[in-house]
2 protein chains.
Amino acid sequence: MSLNYQQAGVDYAKIDPLKILAQRAAAETAGNLARHGLTEVAASRGESAYVIDCGDFHLASITECLGTKALVADAMRALIGVGSGRTYYDQIAQDTLAMAINDLITVGATPVAVHAYWAAGGSDWFDDAARARDLVEGWKAACDRCGVAWGGGETPALAGVIAEGRIDLAASCVGIVRPKSRLTLGDKLAAGDAIVLLESSGIHANGISLARKLAGRLPGGYATRLADGMTFGEALLVPTLLYSPVTEALAAAGIVPHYCANITGHGWRKLMRHPGSFAYRISKLPPVPPVLAFMQREIGADAREAYGNLNMGAGFALYVDASDAQRTVDIAARCGVRAHVAGRVEAGAKQVVIEPLDLEFGGDDLHVRA
Amino acid sequence: MSLNYQQAGVDYAKIDPLKILAQRAAAETAGNLARHGLTEVAASRGESAYVIDCGDFHLASITECLGTKALVADAMRALIGVGSGRTYYDQIAQDTLAMAINDLITVGATPVAVHAYWAAGGSDWFDDAARARDLVEGWKAACDRCGVAWGGGETPALAGVIAEGRIDLAASCVGIVRPKSRLTLGDKLAAGDAIVLLESSGIHANGISLARKLAGRLPGGYATRLADGMTFGEALLVPTLLYSPVTEALAAAGIVPHYCANITGHGWRKLMRHPGSFAYRISKLPPVPPVLAFMQREIGADAREAYGNLNMGAGFALYVDASDAQRTVDIAARCGVRAHVAGRVEAGAKQVVIEPLDLEFGGDDLHVRA
């Protein structure tokens with residue numbers, strides 16, 4: 001077993017041709033906006049959210065899904081017993097919203113409205129009052145934390161499409177970039193900029209297929225105790241941090257990042273997400289959450305596999321003017337998010353250099369654009 | 001067998017408590033918008049799309065899914081043979097977008113951006129070039145027809161969440177209401193207004209669970225021939241009409257409907273979707289698509305069951321000033337959509353009166369609000 005998506009059951013080589021076809025077709029629809037007196041911000045193609053120029057401000061939008069983390073919540077609930085009253089659905093509700101919101105804010109947008117997409121494998125799914133209540137309460141709490149309005153959503157019962165007893169959780173989010181100077185598509189990124197890493201709370205919602213495979217192999221499964229006393233399952237279910245309070249606080253303080261990267265799939269390779277040619281030199285590592293250290297050890301993954309696929313303690317990267325770096329860390333801390341001035345942007349061929357680990361990822365190690 | 005959702009496997013009595021909980025929690029998040037200098041248009045709660053007042057214009061957003069119609073496409077492809085080259089995924093791509101766009105336009109919005117959500121039961125789903133190409137091409141064609149930009153999307157492989165070999169298709173859509181006077185939340189609806197019904201192309205994407213159950217009971221299954229020579233399966237897969245070209249053309253001609261209803265689940269009961277107390281008297285029926293006439297006959301449903309659950313030839317209702325009624329029909333025709341001045345709005349207790357069928361639905365027959 002290795003920290004490899006294909007071995008965990010997701011074969012990107014099969015998905016990528018459709019993805020590229022879709023990205024090309026999508027790009028060709030840009031001209032449709034002219035009918036409405038609008039234009040797309042072309043640089044947002046390939047970034048984490050789509051941006052339209054609306055004159056007075058930019059409009060950003062996105063749809064994201066939770067992935068398979070609900071399967072962990074279901075397994076843990078079965079393990080601790082339904083009688084415990086814990087369902088973990090309040091926590092995975094936050095994860096789902098974080099997947100959308102943390103992507104949307106990378107372009108400099110303030111999230112303003114979200115829609116829920118909760119598609120169940122049959123009507124019976126909804127016939128569980130505790131789980132339904134947790135899902136709703138967790139969703140609302142995350143909306144309130146991010147200052148976003150919950151506009152509505154869909155709760156279909158799709159027997160035959162969704163697996164029986166399961167639910168597919170996704171979220172769409174709309175945001176505004178106002179003033180337009182808050183747009184962070186990377187045109188201001190320059191050698192000398194500081195890389196500030198915001199800590200993660202754990203695995204977040206990427207690498208879950210790997211974690212589920214590992215749980216199946218452990219004698220104790222999800223009940224296996226980690227170094228900090230939590231069970232593996234509980235640790236996996238610590239919800240993804242919501243980073244929009246940080247980006248909003250930065251804006252309020254007059255700090256506009258030169259670029260942002262949400263560290264999800266592809267782990268630290270995402271640090272070189274920017275389309276330009278820069279080297280990203282990391283000199284300080286955030287602490288590795290016990291659940292990720294445990295996974296790395298149990299799987300026997302080396303640093304390249306671990307940092308190339310998991311967040312390893314860094315949930316979000318802000319690229320800021322070096323003179324703003326420490327203030328960025330301080331503002332994040334005031335929002336309850338630990339952050340580190342972890343490295344700097346340099347001129348040179350695209351690569352991520354992680355000095356404390358003597359590790360490099362070259363530009364060929366990341367493909368996120370058509 | 002009857003035309004009843006519960007018998008078709010969808011038990012709204014189980015889903016509604018969560019829906020109501022979610023709607024109440026969502027409504028409580030409205031105040032979050034004040035942080036961004038925005039306000040929600042409260043009257044949009046309970047309507048088909050969520051609306052935020054952005055000063056110069058209104059922003060509308062929505063997420064919708066296809067339901068189980070992909071299962072019909074899969075069955076038909078298996079029936080006619082993969083060698084035929086037909087996958088029907090171009091057609092259900094249009095259905096998926098229509099579910100979102102036809103809802104969004106009810107509030108008077110111009111759809112500007114959509115995101116695709118295509119969640120498959122495993123990476124293998126994407127490993128079918130013909131189907132992938134059709135899905136992408138159908139999606140793009142529908143975007144072009146509606147003048148909307150395809151902003152991006154998600155194509156996750158979710159083994160264990162989505163049923164093996166299946167795909168969950170959904171769309172999110174963002175629109176703008178500009179000028180703001182185009183907002184059609186129903187405050188102008190009045191006795192004397194005309195009800196213009198836009199024809200449907202067939203079953204659209206509601207009532208599919210019933211149709212699938214019926215197919216399973218027919219000796220010829222989806223291959224059963226209808227009166228017009230089409231097979232039942234082919235007829236079911238005629239894509240949902242996209243009505244945004246009509247609403248855009250009406251706006252260009254200076255006609256602002258007083259209200260709009262997208263006729264989906266609950267069939268013609270949706271004609272009384274408006275929150276106020278009005279009677280909706282229908283004096284003329286659009287032709288019933290052969291596939292719906294066939295379903296009604298085969299199931300042995302009476303008019304109340306058929307019109308109370310299926311669109312029966314009417315896909316979208318426009319409530320307009322009586323003096324605009326004929327011009328509305330003419331404009332729709334120029335967009336390639338047949339329409340009929342089918343009835344009028346009257347003062348009185350909430351009800352739908354379908355005179356040609358001697359049929360009435362009372363206000364208690366429709367529950368779409370928390």
# chains A, B, ... in the order shown; residues from 1 in each chain; ligands from 1
>>> interface_residues(of="chain B", to="chain A", cutoff="6 Å", atoms="only C-alpha atoms", output="PDB file with N, CA and C atoms, in the first residue's frame")
ATOM      1  N   VAL B  10     -40.365   7.284  -3.545  1.00  0.00           N
ATOM      2  CA  VAL B  10     -39.946   8.535  -2.915  1.00  0.00           C
ATOM      3  C   VAL B  10     -41.012   8.931  -1.889  1.00  0.00           C
ATOM      4  N   ASP B  11     -40.634   8.895  -0.620  1.00  0.00           N
ATOM      5  CA  ASP B  11     -41.587   9.143   0.453  1.00  0.00           C
ATOM      6  C   ASP B  11     -41.319  10.524   1.049  1.00  0.00           C
ATOM      7  N   LYS B  14     -41.016  11.370   4.745  1.00  0.00           N
ATOM      8  CA  LYS B  14     -39.754  11.145   5.441  1.00  0.00           C
ATOM      9  C   LYS B  14     -38.753  12.278   5.207  1.00  0.00           C
ATOM     10  N   ILE B  15     -38.850  12.917   4.053  1.00  0.00           N
ATOM     11  CA  ILE B  15     -37.881  13.960   3.700  1.00  0.00           C
ATOM     12  C   ILE B  15     -38.298  15.316   4.265  1.00  0.00           C
ATOM     13  N   LEU B  18     -36.774  17.120   7.586  1.00  0.00           N
ATOM     14  CA  LEU B  18     -35.435  17.682   7.399  1.00  0.00           C
ATOM     15  C   LEU B  18     -35.511  18.936   6.545  1.00  0.00           C
ATOM     16  N   ALA B  22     -34.191  22.519   7.647  1.00  0.00           N
ATOM     17  CA  ALA B  22     -33.169  23.201   6.853  1.00  0.00           C
ATOM     18  C   ALA B  22     -33.662  24.576   6.407  1.00  0.00           C
ATOM     19  N   ALA B  26     -31.858  27.954   7.399  1.00  0.00           N
ATOM     20  CA  ALA B  26     -31.367  28.775   6.296  1.00  0.00           C
ATOM     21  C   ALA B  26     -31.901  30.203   6.431  1.00  0.00           C
ATOM     22  N   THR B  29     -30.030  32.629   8.583  1.00  0.00           N
ATOM     23  CA  THR B  29     -28.700  33.107   8.186  1.00  0.00           C
ATOM     24  C   THR B  29     -28.762  34.408   7.386  1.00  0.00           C
ATOM     25  N   ALA B  30     -29.969  34.902   7.136  1.00  0.00           N
ATOM     26  CA  ALA B  30     -30.121  36.092   6.289  1.00  0.00           C
ATOM     27  C   ALA B  30     -29.300  37.268   6.812  1.00  0.00           C
ATOM     28  N   ASN B  32     -26.521  37.422   8.103  1.00  0.00           N
ATOM     29  CA  ASN B  32     -25.084  37.396   7.816  1.00  0.00           C
ATOM     30  C   ASN B  32     -24.702  38.336   6.676  1.00  0.00           C
ATOM     31  N   TYR B  50     -32.890  31.753  -4.884  1.00  0.00           N
ATOM     32  CA  TYR B  50     -32.603  32.661  -3.772  1.00  0.00           C
ATOM     33  C   TYR B  50     -32.076  33.973  -4.329  1.00  0.00           C
ATOM     34  N   THR B  63     -29.158  25.523  -6.803  1.00  0.00           N
ATOM     35  CA  THR B  63     -28.558  24.226  -7.134  1.00  0.00           C
ATOM     36  C   THR B  63     -29.698  23.241  -7.385  1.00  0.00           C
ATOM     37  N   SER B 123     -13.953   5.686 -10.854  1.00  0.00           N
ATOM     38  CA  SER B 123     -13.216   6.272 -11.974  1.00  0.00           C
ATOM     39  C   SER B 123     -13.601   5.633 -13.307  1.00  0.00           C
ATOM     40  N   PHE B 126     -15.807   7.251 -16.093  1.00  0.00           N
ATOM     41  CA  PHE B 126     -15.301   8.259 -17.033  1.00  0.00           C
ATOM     42  C   PHE B 126     -14.544   7.632 -18.200  1.00  0.00           C
ATOM     43  N   ASP B 127     -14.321   6.331 -18.104  1.00  0.00           N
ATOM     44  CA  ASP B 127     -13.491   5.623 -19.078  1.00  0.00           C
ATOM     45  C   ASP B 127     -14.331   5.176 -20.276  1.00  0.00           C
ATOM     46  N   ALA B 132     -18.691  10.290 -22.348  1.00  0.00           N
ATOM     47  CA  ALA B 132     -18.075  11.513 -21.821  1.00  0.00           C
ATOM     48  C   ALA B 132     -18.231  12.661 -22.826  1.00  0.00           C
ATOM     49  N   VAL B 136     -20.386  16.224 -22.295  1.00  0.00           N
ATOM     50  CA  VAL B 136     -19.750  17.534 -22.440  1.00  0.00           C
ATOM     51  C   VAL B 136     -20.423  18.340 -23.549  1.00  0.00           C
ATOM     52  N   GLY B 147     -27.231  31.233 -23.336  1.00  0.00           N
ATOM     53  CA  GLY B 147     -26.361  32.397 -23.192  1.00  0.00           C
ATOM     54  C   GLY B 147     -25.665  32.457 -21.852  1.00  0.00           C
ATOM     55  N   VAL B 148     -25.345  31.296 -21.320  1.00  0.00           N
ATOM     56  CA  VAL B 148     -24.748  31.241 -19.989  1.00  0.00           C
ATOM     57  C   VAL B 148     -23.304  30.749 -20.110  1.00  0.00           C
ATOM     58  N   ALA B 149     -22.438  31.241 -19.244  1.00  0.00           N
ATOM     59  CA  ALA B 149     -21.045  30.789 -19.233  1.00  0.00           C
ATOM     60  C   ALA B 149     -20.921  29.571 -18.334  1.00  0.00           C
ATOM     61  N   TRP B 150     -20.235  28.579 -18.844  1.00  0.00           N
ATOM     62  CA  TRP B 150     -19.957  27.373 -18.068  1.00  0.00           C
ATOM     63  C   TRP B 150     -18.677  27.648 -17.280  1.00  0.00           C
ATOM     64  N   GLY B 151     -18.829  27.872 -15.990  1.00  0.00           N
ATOM     65  CA  GLY B 151     -17.700  28.326 -15.196  1.00  0.00           C
ATOM     66  C   GLY B 151     -16.744  27.249 -14.742  1.00  0.00           C
ATOM     67  N   GLY B 153     -16.641  23.121 -12.587  1.00  0.00           N
ATOM     68  CA  GLY B 153     -17.408  22.063 -11.956  1.00  0.00           C
ATOM     69  C   GLY B 153     -16.555  21.032 -11.274  1.00  0.00           C
ATOM     70  N   VAL B 161     -20.306   5.808  -2.360  1.00  0.00           N
ATOM     71  CA  VAL B 161     -21.338   6.830  -2.126  1.00  0.00           C
ATOM     72  C   VAL B 161     -22.319   6.813  -3.298  1.00  0.00           C
ATOM     73  N   ILE B 162     -21.774   6.894  -4.516  1.00  0.00           N
ATOM     74  CA  ILE B 162     -22.599   6.760  -5.715  1.00  0.00           C
ATOM     75  C   ILE B 162     -22.623   5.274  -6.076  1.00  0.00           C
ATOM     76  N   ALA B 163     -23.766   4.804  -6.553  1.00  0.00           N
ATOM     77  CA  ALA B 163     -23.888   3.392  -6.915  1.00  0.00           C
ATOM     78  C   ALA B 163     -22.924   3.059  -8.055  1.00  0.00           C
ATOM     79  N   ARG B 166     -22.899   4.238 -11.929  1.00  0.00           N
ATOM     80  CA  ARG B 166     -23.903   5.306 -12.070  1.00  0.00           C
ATOM     81  C   ARG B 166     -23.256   6.670 -11.925  1.00  0.00           C
TER      82      ARG B 166
END
>>> select_by_dssp(residues="range 137-320 of chain A", states="strand (DSSP E)", output="VMD selection string")
chain A and resid 149 to 154 167 to 177 194 to 199 259 to 262 278 to 282 314 to 320
>>> write_last_selection(atoms="C-alpha atoms", output="tab-separated table (two decimals), in the first residue's frame")
chain	number	residue	atom	x	y	z
A	149	ALA	CA	-26.36	33.31	3.71
A	150	TRP	CA	-27.73	29.80	3.24
A	151	GLY	CA	-29.91	30.34	0.21
A	152	GLY	CA	-31.49	26.95	-0.17
A	153	GLY	CA	-30.72	23.62	-1.70
A	154	GLU	CA	-31.80	20.23	-2.89
A	167	ILE	CA	-25.61	10.47	1.07
A	168	ASP	CA	-23.71	12.61	-1.40
A	169	LEU	CA	-22.98	16.00	0.17
A	170	ALA	CA	-21.98	18.98	-1.96
A	171	ALA	CA	-22.18	22.75	-1.81
A	172	SER	CA	-22.28	25.57	-4.30
A	173	CYS	CA	-21.11	29.01	-3.29
A	174	VAL	CA	-21.36	32.50	-4.75
A	175	GLY	CA	-19.13	35.34	-3.71
A	176	ILE	CA	-18.31	38.90	-4.59
A	177	VAL	CA	-14.91	40.52	-5.01
A	194	ALA	CA	6.48	35.47	1.69
A	195	ILE	CA	4.57	32.19	1.88
A	196	VAL	CA	2.34	32.10	4.93
A	197	LEU	CA	0.86	28.70	5.72
A	198	LEU	CA	-2.36	28.44	7.72
A	199	GLU	CA	-2.45	25.30	9.83
A	259	TYR	CA	-2.03	34.74	-4.54
A	260	CYS	CA	-3.77	32.03	-2.51
A	261	ALA	CA	-3.78	28.23	-2.71
A	262	ASN	CA	-6.18	25.90	-0.94
A	278	PHE	CA	8.44	30.51	-9.68
A	279	ALA	CA	10.22	28.45	-7.10
A	280	TYR	CA	8.61	28.10	-3.69
A	281	ARG	CA	11.21	27.58	-1.00
A	282	ILE	CA	9.89	26.35	2.37
A	314	ALA	CA	-0.86	23.19	6.10
A	315	GLY	CA	-4.44	23.82	5.03
A	316	PHE	CA	-4.12	27.04	3.07
A	317	ALA	CA	-1.28	29.12	1.62
A	318	LEU	CA	-1.23	32.91	1.43
A	319	TYR	CA	1.44	34.56	-0.73
A	320	VAL	CA	1.91	38.07	0.61
>>> residues_around(residues="Met295 in chain B", least_positions_apart="5", cutoff="10 Å", atoms="only C-alpha atoms", output="list in words")
Leu3, Ile203, Leu210, Ala211, Leu214, Ala215, Leu226, Phe232, Pro290, Gly300, Ala301, Ala306 and Leu310 of chain B
>>> select_by_dssp(residues="range 32-103 of chain A", states="helix (DSSP H, G or I)", output="number ranges by chain")
A: 32-36, 42-44, 69-80, 82-84, 89-103
>>> residues_around(residues="Asp187 in chain A", least_positions_apart="2", cutoff="10 Å", atoms="only C-alpha atoms", output="VMD selection string")
chain A and resid 43 183 to 185 189 to 190 258 to 259 274 to 276
>>> write_last_selection(atoms="N, CA and C atoms", output="CSV table (one decimal), in the first residue's frame")
chain,number,residue,atom,x,y,z
A,43,ALA,N,-8.4,34.9,-16.6
A,43,ALA,CA,-7.4,34.3,-15.7
A,43,ALA,C,-7.9,33.4,-14.6
A,183,LEU,N,-9.2,41.2,-6.0
A,183,LEU,CA,-9.0,40.0,-6.9
A,183,LEU,C,-7.6,39.4,-6.7
A,184,THR,N,-7.4,38.1,-6.4
A,184,THR,CA,-6.1,37.5,-6.2
A,184,THR,C,-5.9,36.4,-7.2
A,185,LEU,N,-5.8,36.7,-8.4
A,185,LEU,CA,-5.5,35.7,-9.4
A,185,LEU,C,-4.1,35.5,-9.7
A,189,LEU,N,2.0,38.2,-7.9
A,189,LEU,CA,3.0,37.4,-7.3
A,189,LEU,C,4.4,37.7,-7.8
A,190,ALA,N,5.3,37.7,-6.9
A,190,ALA,CA,6.7,38.1,-7.3
A,190,ALA,C,7.7,37.5,-6.5
A,258,HIS,N,-1.0,38.3,-2.7
A,258,HIS,CA,-0.7,38.3,-4.1
A,258,HIS,C,-1.2,37.0,-4.8
A,259,TYR,N,-1.5,36.0,-4.0
A,259,TYR,CA,-2.0,34.7,-4.5
A,259,TYR,C,-2.4,33.9,-3.3
A,274,HIS,N,0.1,28.4,-8.9
A,274,HIS,CA,0.1,29.6,-9.7
A,274,HIS,C,0.7,29.2,-11.1
A,275,PRO,N,0.1,29.9,-12.2
A,275,PRO,CA,0.4,29.5,-13.5
A,275,PRO,C,1.9,29.9,-13.9
A,276,GLY,N,2.4,30.9,-13.2
A,276,GLY,CA,3.8,31.4,-13.6
A,276,GLY,C,4.9,30.5,-13.2
>>> residues_around(residues="range 239-241 of chain B", least_positions_apart="3", cutoff="7 Å", atoms="only C-alpha atoms", output="number ranges by chain")
B: 91-92, 94-95, 98, 200-201, 204-205
>>> write_last_selection(atoms="N, CA, C and O atoms", output="PDB file, in the first residue's frame")
ATOM      1  N   GLN B  91     -28.517  14.433 -24.168  1.00  0.00           N
ATOM      2  CA  GLN B  91     -29.888  14.832 -23.854  1.00  0.00           C
ATOM      3  C   GLN B  91     -30.092  15.039 -22.357  1.00  0.00           C
ATOM      4  O   GLN B  91     -30.712  16.017 -21.934  1.00  0.00           O
ATOM      5  N   ILE B  92     -29.563  14.136 -21.546  1.00  0.00           N
ATOM      6  CA  ILE B  92     -29.764  14.332 -20.099  1.00  0.00           C
ATOM      7  C   ILE B  92     -28.864  15.443 -19.543  1.00  0.00           C
ATOM      8  O   ILE B  92     -29.146  15.989 -18.479  1.00  0.00           O
ATOM      9  N   GLN B  94     -28.730  18.300 -21.080  1.00  0.00           N
ATOM     10  CA  GLN B  94     -29.674  19.412 -21.232  1.00  0.00           C
ATOM     11  C   GLN B  94     -30.725  19.388 -20.122  1.00  0.00           C
ATOM     12  O   GLN B  94     -31.086  20.430 -19.568  1.00  0.00           O
ATOM     13  N   ASP B  95     -31.224  18.194 -19.806  1.00  0.00           N
ATOM     14  CA  ASP B  95     -32.200  18.079 -18.717  1.00  0.00           C
ATOM     15  C   ASP B  95     -31.647  18.666 -17.425  1.00  0.00           C
ATOM     16  O   ASP B  95     -32.345  19.386 -16.709  1.00  0.00           O
ATOM     17  N   ALA B  98     -31.509  22.307 -17.531  1.00  0.00           N
ATOM     18  CA  ALA B  98     -32.874  22.851 -17.531  1.00  0.00           C
ATOM     19  C   ALA B  98     -33.450  22.868 -16.123  1.00  0.00           C
ATOM     20  O   ALA B  98     -34.170  23.803 -15.746  1.00  0.00           O
ATOM     21  N   SER B 200     -44.474  21.706 -22.866  1.00  0.00           N
ATOM     22  CA  SER B 200     -43.329  20.859 -22.536  1.00  0.00           C
ATOM     23  C   SER B 200     -42.996  20.001 -23.754  1.00  0.00           C
ATOM     24  O   SER B 200     -43.764  19.933 -24.706  1.00  0.00           O
ATOM     25  N   SER B 201     -41.841  19.336 -23.683  1.00  0.00           N
ATOM     26  CA  SER B 201     -41.443  18.452 -24.782  1.00  0.00           C
ATOM     27  C   SER B 201     -41.764  16.999 -24.473  1.00  0.00           C
ATOM     28  O   SER B 201     -41.578  16.124 -25.317  1.00  0.00           O
ATOM     29  N   HIS B 204     -40.087  15.669 -19.348  1.00  0.00           N
ATOM     30  CA  HIS B 204     -39.009  16.471 -18.758  1.00  0.00           C
ATOM     31  C   HIS B 204     -38.253  15.603 -17.738  1.00  0.00           C
ATOM     32  O   HIS B 204     -37.902  14.470 -18.080  1.00  0.00           O
ATOM     33  N   ALA B 205     -38.006  16.091 -16.533  1.00  0.00           N
ATOM     34  CA  ALA B 205     -37.238  15.242 -15.612  1.00  0.00           C
ATOM     35  C   ALA B 205     -37.987  14.974 -14.313  1.00  0.00           C
ATOM     36  O   ALA B 205     -37.381  14.643 -13.300  1.00  0.00           O
TER      37      ALA B 205
END
>>> atom_distance(atom1="CA of Ala342 in chain A", atom2="CA of Ser283 in chain A")
5.8 Å
